[in-house]
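Pasting upload-v4.csv here (CSV, C-alpha atoms):
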chain,number,residue,atom,x,y,z
A,807,MET,CA,118.4,80.9,88.1
A,808,SER,CA,115.5,83.3,87.8
A,809,LYS,CA,115.3,86.8,89.2
A,810,GLY,CA,113.9,87.3,92.6
A,811,VAL,CA,110.4,88.4,93.4
A,812,LEU,CA,109.8,91.7,95.2
A,813,ALA,CA,107.1,91.3,97.9
A,814,VAL,CA,105.7,94.4,99.6
A,815,VAL,CA,104.0,93.5,102.9
A,816,SER,CA,101.6,95.8,104.7
A,817,GLY,CA,99.1,95.3,107.5
A,818,PHE,CA,97.5,96.8,110.5
A,819,SER,CA,99.7,97.6,113.5
A,820,GLY,CA,99.1,94.6,115.8
A,821,ALA,CA,98.4,92.2,112.9
A,822,GLY,CA,101.7,90.4,113.7
A,823,LYS,CA,103.5,91.3,110.5
A,824,GLY,CA,106.9,91.6,112.2
A,825,THR,CA,106.6,88.1,113.7
A,826,VAL,CA,105.5,86.6,110.4
A,827,MET,CA,108.4,88.2,108.6
A,828,LYS,CA,110.8,86.9,111.2
A,829,ARG,CA,109.4,83.3,110.9
A,830,LEU,CA,109.6,83.5,107.1
A,831,MET,CA,113.3,84.5,107.2
A,832,GLU,CA,114.2,81.8,109.7
A,833,SER,CA,112.6,79.0,107.8
A,834,HIS,CA,113.7,79.9,104.3
A,835,ASP,CA,117.0,81.2,103.0
A,836,ASN,CA,115.8,82.7,99.7
A,837,TYR,CA,114.6,85.9,101.3
A,838,ALA,CA,116.3,89.3,102.0
A,839,LEU,CA,114.7,92.2,103.9
A,840,SER,CA,115.1,95.5,102.2
A,841,VAL,CA,117.1,98.1,104.1
A,842,SER,CA,115.6,101.6,104.2
A,843,VAL,CA,117.5,104.9,103.9
A,844,THR,CA,116.7,107.5,106.6
A,845,THR,CA,117.8,111.0,107.7
A,846,ARG,CA,117.2,110.3,111.4
A,847,GLU,CA,120.1,109.8,113.7
A,848,PRO,CA,121.3,106.2,114.4
A,849,ARG,CA,120.2,104.9,117.8
A,850,GLU,CA,122.3,102.9,120.2
A,851,GLY,CA,123.3,99.6,118.5
A,852,GLU,CA,122.1,100.5,115.0
A,853,ALA,CA,124.6,100.0,112.2
A,854,ASP,CA,124.7,101.8,108.8
A,855,GLY,CA,123.6,99.3,106.1
A,856,ARG,CA,122.0,96.9,108.6
A,857,GLU,CA,119.0,98.6,110.3
A,858,TYR,CA,119.1,101.6,107.9
A,859,PHE,CA,121.3,103.4,105.5
A,860,PHE,CA,121.9,106.7,107.5
A,861,ARG,CA,122.2,109.7,105.1
A,862,THR,CA,121.9,113.4,105.3
A,863,ASN,CA,118.9,115.5,104.2
A,864,GLU,CA,120.8,116.6,101.1
A,865,GLU,CA,121.9,113.1,100.1
A,866,VAL,CA,118.3,111.8,100.4
A,867,GLU,CA,116.9,114.7,98.4
A,868,GLU,CA,119.5,114.1,95.7
A,869,MET,CA,118.4,110.4,95.6
A,870,ILE,CA,114.8,111.5,95.2
A,871,ARG,CA,115.7,113.8,92.3
A,872,ARG,CA,117.7,111.1,90.6
A,873,ASP,CA,114.8,108.6,91.1
A,874,GLN,CA,117.0,106.4,93.2
A,875,LEU,CA,114.3,105.6,95.7
A,876,LEU,CA,111.5,103.2,94.9
A,877,GLU,CA,109.3,105.1,97.5
A,878,HIS,CA,109.8,107.6,100.2
A,879,ALA,CA,107.9,109.5,102.9
A,880,LYS,CA,108.6,112.1,105.5
A,881,TYR,CA,107.6,111.4,109.2
A,882,VAL,CA,108.3,113.9,111.9
A,883,ASP,CA,110.7,115.9,109.7
A,884,HIS,CA,112.8,112.8,108.7
A,885,TYR,CA,112.9,111.1,105.4
A,886,TYR,CA,112.5,107.3,105.1
A,887,GLY,CA,112.8,105.6,101.7
A,888,THR,CA,113.6,102.4,99.8
A,889,PRO,CA,116.9,102.5,97.8
A,890,ARG,CA,116.2,101.2,94.3
A,891,LYS,CA,119.8,99.9,93.8
A,892,TYR,CA,119.9,97.8,96.9
A,893,VAL,CA,116.5,96.1,96.0
A,894,GLU,CA,117.4,95.6,92.4
A,895,ASP,CA,120.9,94.1,93.2
A,896,MET,CA,119.3,91.6,95.5
A,897,LEU,CA,116.6,90.7,93.0
A,898,ALA,CA,119.3,90.2,90.3
A,899,GLU,CA,121.1,87.8,92.7
A,900,GLY,CA,117.9,85.8,92.8
A,901,LYS,CA,116.9,86.8,96.3
A,902,ASP,CA,113.2,87.4,97.0
A,903,VAL,CA,113.1,90.8,98.6
A,904,ILE,CA,110.6,91.6,101.3
A,905,LEU,CA,109.7,95.2,102.0
A,906,GLU,CA,107.5,96.0,105.0
A,907,ILE,CA,105.9,99.4,104.4
A,908,GLU,CA,102.6,101.2,104.5
A,909,ILE,CA,100.1,101.6,101.8
A,910,GLN,CA,101.3,104.9,100.3
A,911,GLY,CA,104.8,103.4,99.9
A,912,ALA,CA,103.4,100.2,98.6
A,913,LEU,CA,101.4,102.0,95.8
A,914,GLN,CA,104.5,104.1,94.9
A,915,ILE,CA,106.4,100.8,94.4
A,916,LYS,CA,103.7,99.1,92.4
A,917,ASP,CA,103.8,102.2,90.2
A,918,LYS,CA,107.5,101.9,89.5
A,919,LEU,CA,107.8,98.1,89.5
A,920,PRO,CA,104.5,96.7,88.4
A,921,GLU,CA,105.8,93.2,88.9
A,922,ALA,CA,106.0,93.8,92.7
A,923,VAL,CA,103.6,91.6,94.6
A,924,LEU,CA,101.5,93.5,97.2
A,925,VAL,CA,100.4,91.5,100.3
A,926,PHE,CA,98.1,92.8,103.0
A,927,ILE,CA,98.2,90.9,106.4
A,928,THR,CA,95.1,91.2,108.6
A,929,PRO,CA,93.8,89.5,111.7
A,930,PRO,CA,90.6,87.4,111.2
A,931,SER,CA,88.5,90.3,112.4
A,932,MET,CA,88.8,93.9,113.8
A,933,GLU,CA,87.5,92.6,117.2
A,934,GLU,CA,90.5,90.2,117.2
A,935,LEU,CA,92.9,93.1,116.3
A,936,LYS,CA,91.5,95.1,119.3
A,937,LYS,CA,92.0,92.0,121.5
A,938,ARG,CA,95.6,91.6,120.4
A,939,LEU,CA,96.4,95.2,121.0
A,940,ILE,CA,94.8,95.2,124.5
A,941,GLY,CA,96.4,91.7,125.2
A,942,ARG,CA,99.9,93.1,124.8
A,943,GLY,CA,99.2,95.0,128.1
A,944,SER,CA,101.9,97.5,127.3
A,945,GLU,CA,99.8,100.1,125.5
A,946,GLU,CA,97.9,103.0,126.9
A,947,PRO,CA,94.2,103.1,126.0
A,948,GLU,CA,94.8,106.3,123.9
A,949,VAL,CA,97.6,104.5,122.0
A,950,ILE,CA,95.3,101.6,121.3
A,951,ALA,CA,92.5,103.9,120.2
A,952,SER,CA,94.8,105.7,117.9
A,953,ARG,CA,96.1,102.5,116.3
A,954,LEU,CA,92.6,101.2,115.7
A,955,SER,CA,91.6,104.6,114.2
A,956,ARG,CA,94.7,104.3,112.0
A,957,ALA,CA,93.7,100.7,111.0
A,958,SER,CA,90.3,101.9,109.9
A,959,GLU,CA,92.0,104.3,107.5
A,960,GLU,CA,94.4,101.6,106.3
A,961,ALA,CA,91.5,99.2,105.7
A,962,GLU,CA,90.2,101.4,102.9
A,963,GLY,CA,93.1,100.5,100.7
A,964,ILE,CA,93.1,96.7,101.0
A,965,GLU,CA,91.6,96.2,97.5
A,966,LYS,CA,94.7,97.8,96.0
A,967,TYR,CA,96.8,94.8,97.2
A,968,ASP,CA,97.2,91.7,95.2
A,969,TYR,CA,96.8,89.2,98.0
A,970,ILE,CA,95.1,89.3,101.4
A,971,LEU,CA,96.5,87.0,104.1
A,972,VAL,CA,94.7,86.3,107.4
A,973,ASN,CA,97.2,85.9,110.2
A,974,ASP,CA,95.5,83.4,112.4
A,975,ARG,CA,98.5,81.2,113.4
A,976,ILE,CA,102.0,82.7,112.8
A,977,ASP,CA,103.5,79.5,111.3
A,978,ASP,CA,100.7,79.0,108.9
A,979,CYS,CA,100.7,82.6,107.9
A,980,ALA,CA,104.5,82.6,107.2
A,981,GLU,CA,104.2,79.4,105.2
A,982,THR,CA,101.3,80.8,103.2
A,983,LEU,CA,103.2,83.9,102.4
A,984,HIS,CA,106.1,81.7,101.2
A,985,ARG,CA,103.6,79.8,99.0
A,986,ILE,CA,102.3,83.0,97.5
A,987,ILE,CA,105.8,84.2,96.6
A,988,SER,CA,106.9,80.8,95.3
A,989,SER,CA,103.8,80.7,93.0
A,990,GLU,CA,104.5,84.2,91.8
A,991,HIS,CA,107.8,82.9,90.4
A,992,LEU,CA,105.9,80.8,88.0
A,993,ARG,CA,103.9,83.6,86.4
A,994,THR,CA,104.5,83.6,82.6
A,995,GLN,CA,105.6,87.3,82.6
A,996,ARG,CA,108.5,86.3,85.0
A,997,ASN,CA,109.6,83.5,82.7
A,998,ILE,CA,109.7,85.0,79.3
A,999,GLU,CA,113.3,83.9,78.7
A,1000,PHE,CA,112.4,80.2,79.4
A,1001,ILE,CA,109.3,80.5,77.2
A,1002,ASN,CA,111.3,82.0,74.4
A,1003,ARG,CA,113.8,79.1,74.6
A,1004,ILE,CA,111.0,76.5,74.5
A,1005,GLN,CA,109.5,78.3,71.5
A,1006,GLU,CA,112.8,78.4,69.7
A,1007,GLU,CA,113.6,74.8,70.4
A,1008,SER,CA,110.2,73.8,69.1
A,1009,HIS,CA,110.8,75.5,65.7
A,1010,ILE,CA,112.8,72.5,64.4
A,1011,PHE,CA,109.7,70.4,64.8
A,1012,LYS,CA,107.5,72.6,62.6
A,1013,LYS,CA,105.8,70.7,59.8
A,1014,GLY,CA,107.7,70.7,56.6
A,1015,GLU,CA,111.0,71.6,58.2
B,1097,MET,CA,83.7,79.2,102.8
B,1098,SER,CA,84.9,80.9,99.7
B,1099,LYS,CA,84.0,80.1,96.1
B,1100,GLY,CA,86.2,77.7,94.2
B,1101,VAL,CA,88.9,78.6,91.8
B,1102,LEU,CA,88.6,77.5,88.1
B,1103,ALA,CA,92.0,76.3,86.8
B,1104,VAL,CA,92.4,75.7,83.1
B,1105,VAL,CA,95.3,73.4,82.4
B,1106,SER,CA,96.9,73.0,79.0
B,1107,GLY,CA,100.2,71.5,77.8
B,1108,PHE,CA,102.0,69.6,75.1
B,1109,SER,CA,100.9,66.1,74.4
B,1110,GLY,CA,103.5,64.1,76.2
B,1111,ALA,CA,104.1,66.7,78.9
B,1112,GLY,CA,102.5,64.4,81.5
B,1113,LYS,CA,99.4,66.6,82.2
B,1114,GLY,CA,97.1,63.6,82.7
B,1115,THR,CA,99.3,62.0,85.3
B,1116,VAL,CA,99.8,65.3,87.1
B,1117,MET,CA,96.0,65.8,87.2
B,1118,LYS,CA,95.5,62.3,88.5
B,1119,ARG,CA,98.1,62.8,91.3
B,1120,LEU,CA,96.5,66.2,92.2
B,1121,MET,CA,93.0,64.6,92.6
B,1122,GLU,CA,94.4,61.7,94.6
B,1123,SER,CA,96.3,63.8,97.1
B,1124,HIS,CA,93.7,66.6,97.7
B,1125,ASP,CA,90.0,66.4,98.0
B,1126,ASN,CA,89.1,70.0,97.1
B,1127,TYR,CA,89.3,69.4,93.4
B,1128,ALA,CA,86.7,68.4,90.8
B,1129,LEU,CA,87.4,67.7,87.2
B,1130,SER,CA,85.0,69.4,84.8
B,1131,VAL,CA,82.9,67.0,82.6
B,1132,SER,CA,82.6,68.0,78.9
B,1133,VAL,CA,79.6,67.7,76.7
B,1134,THR,CA,80.0,65.9,73.4
B,1135,THR,CA,78.0,64.8,70.4
B,1136,ARG,CA,80.0,61.7,69.8
B,1137,GLU,CA,78.7,58.2,70.7
B,1138,PRO,CA,79.5,56.8,74.1
B,1139,ARG,CA,82.1,54.1,74.0
B,1140,GLU,CA,82.1,50.8,75.9
B,1141,GLY,CA,82.1,51.6,79.6
B,1142,GLU,CA,81.5,55.3,79.4
B,1143,ALA,CA,78.6,56.7,81.4
B,1144,ASP,CA,76.6,59.9,80.8
B,1145,GLY,CA,77.7,62.5,83.3
B,1146,ARG,CA,80.9,60.8,84.2
B,1147,GLU,CA,83.3,60.7,81.2
B,1148,TYR,CA,81.0,63.0,79.2
B,1149,PHE,CA,77.6,64.4,79.0
B,1150,PHE,CA,76.3,62.8,75.8
B,1151,ARG,CA,74.0,65.1,73.8
B,1152,THR,CA,72.6,65.4,70.3
B,1153,ASN,CA,73.8,67.9,67.8
B,1154,GLU,CA,70.6,69.9,68.2
B,1155,GLU,CA,71.0,70.0,72.0
B,1156,VAL,CA,74.6,71.2,71.8
B,1157,GLU,CA,73.8,73.8,69.2
B,1158,GLU,CA,71.0,75.0,71.4
B,1159,MET,CA,73.4,75.2,74.4
B,1160,ILE,CA,75.8,77.3,72.2
B,1161,ARG,CA,73.0,79.7,71.2
B,1162,ARG,CA,72.0,80.1,74.9
B,1163,ASP,CA,75.6,80.7,76.0
B,1164,GLN,CA,75.5,77.6,78.1
B,1165,LEU,CA,79.0,76.5,77.1
B,1166,LEU,CA,82.1,78.2,78.5
B,1167,GLU,CA,84.0,77.0,75.4
B,1168,HIS,CA,83.4,74.6,72.6
B,1169,ALA,CA,85.1,73.2,69.5
B,1170,LYS,CA,84.4,70.8,66.7
B,1171,TYR,CA,86.7,67.9,66.0
B,1172,VAL,CA,86.0,65.3,63.3
B,1173,ASP,CA,82.4,66.5,63.0
B,1174,HIS,CA,81.7,66.2,66.7
B,1175,TYR,CA,81.2,69.0,69.2
B,1176,TYR,CA,83.1,69.1,72.5
B,1177,GLY,CA,82.3,71.8,75.0
B,1178,THR,CA,82.4,72.8,78.7
B,1179,PRO,CA,78.9,73.2,80.3
B,1180,ARG,CA,78.8,76.5,82.2
B,1181,LYS,CA,76.3,75.3,84.7
B,1182,TYR,CA,78.2,72.2,85.8
B,1183,VAL,CA,81.4,74.3,86.4
B,1184,GLU,CA,79.6,77.2,88.1
B,1185,ASP,CA,77.7,74.8,90.4
B,1186,MET,CA,80.9,73.1,91.6
B,1187,LEU,CA,82.6,76.5,92.1
B,1188,ALA,CA,79.6,77.6,94.2
B,1189,GLU,CA,80.0,74.5,96.3
B,1190,GLY,CA,83.6,75.6,97.0
B,1191,LYS,CA,85.2,73.0,94.8
B,1192,ASP,CA,88.3,74.0,92.8
B,1193,VAL,CA,87.5,73.0,89.3
B,1194,ILE,CA,90.2,71.7,86.9
B,1195,LEU,CA,89.6,71.9,83.2
B,1196,GLU,CA,92.1,70.2,80.9
B,1197,ILE,CA,91.7,71.7,77.4
B,1198,GLU,CA,93.7,73.3,74.6
B,1199,ILE,CA,94.6,76.8,74.1
B,1200,GLN,CA,91.7,77.9,71.9
B,1201,GLY,CA,89.3,76.7,74.6
B,1202,ALA,CA,91.4,78.1,77.4
B,1203,LEU,CA,91.3,81.6,75.8
B,1204,GLN,CA,87.5,81.4,75.3
B,1205,ILE,CA,87.2,80.6,79.0
B,1206,LYS,CA,89.4,83.5,80.1
B,1207,ASP,CA,87.2,85.7,78.0
B,1208,LYS,CA,84.0,84.6,79.7
B,1209,LEU,CA,85.4,84.1,83.2
B,1210,PRO,CA,88.4,86.5,83.6
B,1211,GLU,CA,89.0,85.1,87.1
B,1212,ALA,CA,89.9,81.7,85.7
B,1213,VAL,CA,93.6,80.7,86.2
B,1214,LEU,CA,95.4,79.5,83.1
B,1215,VAL,CA,98.3,77.1,83.7
B,1216,PHE,CA,100.6,75.7,81.0
B,1217,ILE,CA,102.5,72.5,81.7
B,1218,THR,CA,105.7,71.9,79.9
B,1219,PRO,CA,108.6,69.5,80.1
B,1220,PRO,CA,112.0,71.2,80.9
B,1221,SER,CA,112.9,71.3,77.2
B,1222,MET,CA,111.6,70.2,73.8
B,1223,GLU,CA,114.4,67.6,73.6
B,1224,GLU,CA,113.0,66.1,76.8
B,1225,LEU,CA,109.5,66.1,75.2
B,1226,LYS,CA,110.8,64.3,72.2
B,1227,LYS,CA,112.5,61.7,74.5
B,1228,ARG,CA,109.4,61.1,76.4
B,1229,LEU,CA,107.3,60.6,73.3
B,1230,ILE,CA,109.8,58.2,71.9
B,1231,GLY,CA,110.3,56.5,75.3
B,1232,ARG,CA,106.7,55.5,75.4
B,1233,GLY,CA,107.6,53.1,72.6
B,1234,SER,CA,104.0,52.8,71.5
B,1235,GLU,CA,103.9,55.5,69.0
B,1236,GLU,CA,104.8,55.4,65.3
B,1237,PRO,CA,107.5,57.9,64.1
B,1238,GLU,CA,104.9,59.8,62.1
B,1239,VAL,CA,102.6,60.1,65.1
B,1240,ILE,CA,105.6,61.5,67.2
B,1241,ALA,CA,106.5,63.9,64.4
B,1242,SER,CA,102.9,65.1,64.2
B,1243,ARG,CA,102.7,65.6,68.0
B,1244,LEU,CA,106.0,67.6,68.0
B,1245,SER,CA,104.8,69.7,65.1
B,1246,ARG,CA,101.6,70.3,67.1
B,1247,ALA,CA,103.7,71.2,70.1
B,1248,SER,CA,105.6,73.8,68.1
B,1249,GLU,CA,102.2,75.5,67.3
B,1250,GLU,CA,101.0,75.3,70.9
B,1251,ALA,CA,104.2,76.8,72.2
B,1252,GLU,CA,103.4,80.1,70.4
B,1253,GLY,CA,100.5,80.8,72.9
B,1254,ILE,CA,102.3,80.1,76.2
B,1255,GLU,CA,102.5,83.8,77.1
B,1256,LYS,CA,98.8,84.0,77.2
B,1257,TYR,CA,98.7,81.7,80.2
B,1258,ASP,CA,99.0,83.0,83.8
B,1259,TYR,CA,101.5,80.4,85.0
B,1260,ILE,CA,104.0,78.1,83.5
B,1261,LEU,CA,104.7,74.9,85.2
B,1262,VAL,CA,107.7,72.7,84.4
B,1263,ASN,CA,106.9,69.0,84.8
B,1264,ASP,CA,110.2,67.5,85.9
B,1265,ARG,CA,108.9,65.2,88.6
B,1266,ILE,CA,105.2,64.3,88.7
B,1267,ASP,CA,104.8,64.7,92.5
B,1268,ASP,CA,106.5,68.1,92.6
B,1269,CYS,CA,104.5,69.3,89.7
B,1270,ALA,CA,101.2,68.2,91.2
B,1271,GLU,CA,102.1,69.9,94.5
B,1272,THR,CA,103.2,73.1,92.8
B,1273,LEU,CA,99.9,73.2,90.9
B,1274,HIS,CA,98.2,72.8,94.2
B,1275,ARG,CA,100.2,75.7,95.6
B,1276,ILE,CA,99.4,77.9,92.7
B,1277,ILE,CA,95.6,77.3,93.1
B,1278,SER,CA,95.8,77.7,96.9
B,1279,SER,CA,97.5,81.0,96.5
B,1280,GLU,CA,95.0,82.2,93.9
B,1281,HIS,CA,92.3,81.8,96.6
B,1282,LEU,CA,94.0,84.7,98.5
B,1283,ARG,CA,93.8,87.2,95.7
B,1284,THR,CA,92.0,90.3,96.9
B,1285,GLN,CA,89.5,90.2,94.0
B,1286,ARG,CA,88.4,86.8,95.3
B,1287,ASN,CA,87.9,88.1,98.9
B,1288,ILE,CA,85.9,91.2,98.4
B,1289,GLU,CA,83.2,90.1,100.9
B,1290,PHE,CA,85.8,89.5,103.6
B,1291,ILE,CA,87.5,92.8,102.9
B,1292,ASN,CA,84.2,94.6,103.0
B,1293,ARG,CA,83.4,93.0,106.4
B,1294,ILE,CA,86.8,94.1,107.8
B,1295,GLN,CA,86.2,97.6,106.4
B,1296,GLU,CA,82.8,97.8,108.0
B,1297,GLU,CA,84.0,96.5,111.3
B,1298,SER,CA,86.7,99.0,111.4
B,1299,HIS,CA,84.3,102.0,111.0
B,1300,ILE,CA,83.5,102.0,114.7
B,1301,PHE,CA,87.2,102.8,115.4
B,1302,LYS,CA,87.2,105.9,113.3
B,1303,LYS,CA,88.4,109.0,115.0
B,1304,GLY,CA,85.7,111.0,116.7
B,1305,GLU,CA,83.2,108.1,116.6
Full structure transcribed into structure tokens:
Amino acid sequence: MSKGVLAVVSGFSGAGKGTVMKRLMESHDNYALSVSVTTREPREGEADGREYFFRTNEEVEEMIRRDQLLEHAKYVDHYYGTPRKYVEDMLAEGKDVILEIEIQGALQIKDKLPEAVLVFITPPSMEELKKRLIGRGSEEPEVIASRLSRASEEAEGIEKYDYILVNDRIDDCAETLHRIISSEHLRTQRNIEFINRIQEESHIFKKGE
Amino acid sequence: MSKGVLAVVSGFSGAGKGTVMKRLMESHDNYALSVSVTTREPREGEADGREYFFRTNEEVEEMIRRDQLLEHAKYVDHYYGTPRKYVEDMLAEGKDVILEIEIQGALQIKDKLPEAVLVFITPPSMEELKKRLIGRGSEEPEVIASRLSRASEEAEGIEKYDYILVNDRIDDCAETLHRIISSEHLRTQRNIEFINRIQEESHIFKKGE
């Protein structure tokens, strides 16, 4: 059994990332979602270790000092981060770990784990993104404007990702993401052990031996 | 429509490359096999432009001087090479081009076209390779020994490939190769035009505009 692949997935708010992830999890059992650590209070129905690992400020700052977070950020006075141990344990078990985060976090991770695969999910066009945000019907115009403005900033970083995935139909998109991750398993750098075995086995066939 | 992907496929003699390629071509219509140029005489039933482009020594040497071959080698006094124009024309048409060559040629190509995808096909073990070679029943023991010895040299270069593909069952192997090439289409470097369009479209949503 080979080690799992760490896939970092980002995308515009409204691109349908969440639904794609959900579909991927439902249709394949080799995936695990990463659980983040946070200093914010648990909400009704949230359980420690399921939605988040709930920790104190001091605990999270200690984790940062000890390089126990693969990435972290502070929003509205609260830390959010990705525990290295949890991710590495699941990868070692052979699970493919999916991490849904924003670009700053994605780049921090690529820095610490260059073998991570960065995937950016986008709708086919910005016009379509706008339509989808308006179509939800639940958002105020200012919220939509702010999300679109945010999207225009996020768009600047797309080239830093490894793959770009157009979310046209949810099922296709989830399946394509699955194909990308399956193919990544076959990269030579991820199969050095197997390659070394083949090389060793082949030595007995060398001329003159 | 995006440009095609150039996939260079190598593997031990006896790994079943040829059969895998054939299956891939039969089951998907987006592929084209590259046609090599050679200075050897056409054999019975071979047509210029189908099995090979048949050219004179002078013509091929002129192509080499003008950098019109993506790779070339000389075997038993005859040149064999991959015409750049033929490959680039098919890629421009959106075809995924498959090139079945050995490691020296594969590395020459990666050098000239870094976006080429290098895939190495191997049986699950060298023992299995030996079994398959013997199982054919048509080869003399010395021929088998020489192929295995050759395989042991080829094995040294596997790390230089992008992907390693274990040929356990032909159908699975052809389908996995198809997945690798499909996924490669989604690499951000291959989609710069699309990404630029998304970025431009998003400018109108920038705050204050």
Find the residues around range 940-950 of chain A up to 10 Å (only C-alpha atoms counted), leave out those fewer than 5 positions away in its own chain, and share them as a ChimeraX atom specification. /A:819-820,934-935,955-956
May I have the residues of chain A within 7 Å of chain B, counting only C-alpha atoms, written as a ChimeraX atom specification? /A:931-932,954-955,958,961-962,965,967-971,985-986,989,992-994,1004-1005,1007-1009,1011-1013
Same residues, C-alpha atoms, output as an mmCIF file, in the coordinates of the input:
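Final output, saved to again27.cif:
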data_model
loop_
_atom_site.group_PDB
_atom_site.id
_atom_site.type_symbol
_atom_site.label_atom_id
_atom_site.label_comp_id
_atom_site.auth_asym_id
_atom_site.auth_seq_id
_atom_site.Cartn_x
_atom_site.Cartn_y
_atom_site.Cartn_z
ATOM 1 C CA SER A 931 88.500 90.300 112.400
ATOM 2 C CA MET A 932 88.800 93.900 113.800
ATOM 3 C CA LEU A 954 92.600 101.200 115.700
ATOM 4 C CA SER A 955 91.600 104.600 114.200
ATOM 5 C CA SER A 958 90.300 101.900 109.900
ATOM 6 C CA ALA A 961 91.500 99.200 105.700
ATOM 7 C CA GLU A 962 90.200 101.400 102.900
ATOM 8 C CA GLU A 965 91.600 96.200 97.500
ATOM 9 C CA TYR A 967 96.800 94.800 97.200
ATOM 10 C CA ASP A 968 97.200 91.700 95.200
ATOM 11 C CA TYR A 969 96.800 89.200 98.000
ATOM 12 C CA ILE A 970 95.100 89.300 101.400
ATOM 13 C CA LEU A 971 96.500 87.000 104.100
ATOM 14 C CA ARG A 985 103.600 79.800 99.000
ATOM 15 C CA ILE A 986 102.300 83.000 97.500
ATOM 16 C CA SER A 989 103.800 80.700 93.000
ATOM 17 C CA LEU A 992 105.900 80.800 88.000
ATOM 18 C CA ARG A 993 103.900 83.600 86.400
ATOM 19 C CA THR A 994 104.500 83.600 82.600
ATOM 20 C CA ILE A 1004 111.000 76.500 74.500
ATOM 21 C CA GLN A 1005 109.500 78.300 71.500
ATOM 22 C CA GLU A 1007 113.600 74.800 70.400
ATOM 23 C CA SER A 1008 110.200 73.800 69.100
ATOM 24 C CA HIS A 1009 110.800 75.500 65.700
ATOM 25 C CA PHE A 1011 109.700 70.400 64.800
ATOM 26 C CA LYS A 1012 107.500 72.600 62.600
ATOM 27 C CA LYS A 1013 105.800 70.700 59.800
#
So what do you get for CA of Glu864 in chain A versus CA of Lys918 in chain A, distance-wise? 23.0 Å
Suppose you want the space between CA of Gln910 in chain A and CA of Arg938 in chain A; what is it in Å?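 Pair CA of Gln910 in chain A / CA of Arg938 in chain A returns 24.8 Å.
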Between CA of Gly817 in chain A and CA of Arg890 in chain A, measure the distance and give it in Å to one decimal.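 Distance between the two atoms: 22.4 Å.
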Of the candidates B:Gln1164, B:Asn1153, B:Ser1130, B:Ser1106, which shows the shortest atom-to-atom distance to Leu1187 in chain B, using all atoms listed in the file?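 Smallest separation from Leu1187 in chain B among the options: B:Ser1130.
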Can you tell me, as a PyMOL selection string, what residues are no more than 12 Å from Pro889 in chain A when counting all atoms listed in the file, ignoring any on the same chain fewer than 5 positions away? chain A and resi 840-844+855+858-861+865-866+869-870+872-878+894-896+905+915
Counting all atoms listed in the file, which residues have an atom no more than 10 Å from (86.9, 59.3, 67.8) in the file's coordinates? Please list them as number ranges by chain. B: 1136-1137, 1139, 1171-1174
For the selection just defined, write its residues with C-alpha atoms to a file, as a tab-separated table (two decimals), in the frame of the given file.
chain	number	residue	atom	x	y	z
B	1136	ARG	CA	80.00	61.70	69.80
B	1137	GLU	CA	78.70	58.20	70.70
B	1139	ARG	CA	82.10	54.10	74.00
B	1171	TYR	CA	86.70	67.90	66.00
B	1172	VAL	CA	86.00	65.30	63.30
B	1173	ASP	CA	82.40	66.50	63.00
B	1174	HIS	CA	81.70	66.20	66.70
Incomplete range 912-919 of chain A brought to N, CA, C and O atoms, written out as a compact mmCIF listing (two decimals), in the coordinates of the input:
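Result file is part_39.txt:
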# COMPACT_ATOMS: atom_id res chain seq x y z
N ALA A 912 103.66 101.37 99.38
CA ALA A 912 103.40 100.20 98.60
C ALA A 912 102.87 100.56 97.19
O ALA A 912 103.29 99.99 96.18
N LEU A 913 101.99 101.56 97.15
CA LEU A 913 101.40 102.00 95.80
C LEU A 913 102.47 102.68 94.99
O LEU A 913 102.48 102.54 93.77
N GLN A 914 103.37 103.44 95.62
CA GLN A 914 104.50 104.10 94.90
C GLN A 914 105.31 102.98 94.19
O GLN A 914 105.74 103.12 93.06
N ILE A 915 105.55 101.90 94.93
CA ILE A 915 106.40 100.80 94.40
C ILE A 915 105.69 100.11 93.24
O ILE A 915 106.30 99.86 92.20
N LYS A 916 104.41 99.81 93.42
CA LYS A 916 103.70 99.10 92.40
C LYS A 916 103.70 99.97 91.07
O LYS A 916 103.72 99.43 89.97
N ASP A 917 103.72 101.27 91.27
CA ASP A 917 103.80 102.20 90.20
C ASP A 917 105.11 102.09 89.41
O ASP A 917 105.15 102.10 88.18
N LYS A 918 106.20 102.00 90.16
CA LYS A 918 107.50 101.90 89.50
C LYS A 918 107.91 100.54 89.10
O LYS A 918 108.62 100.36 88.12
N LEU A 919 107.48 99.54 89.86
CA LEU A 919 107.80 98.10 89.50
C LEU A 919 106.49 97.33 89.54
O LEU A 919 106.14 96.71 90.54
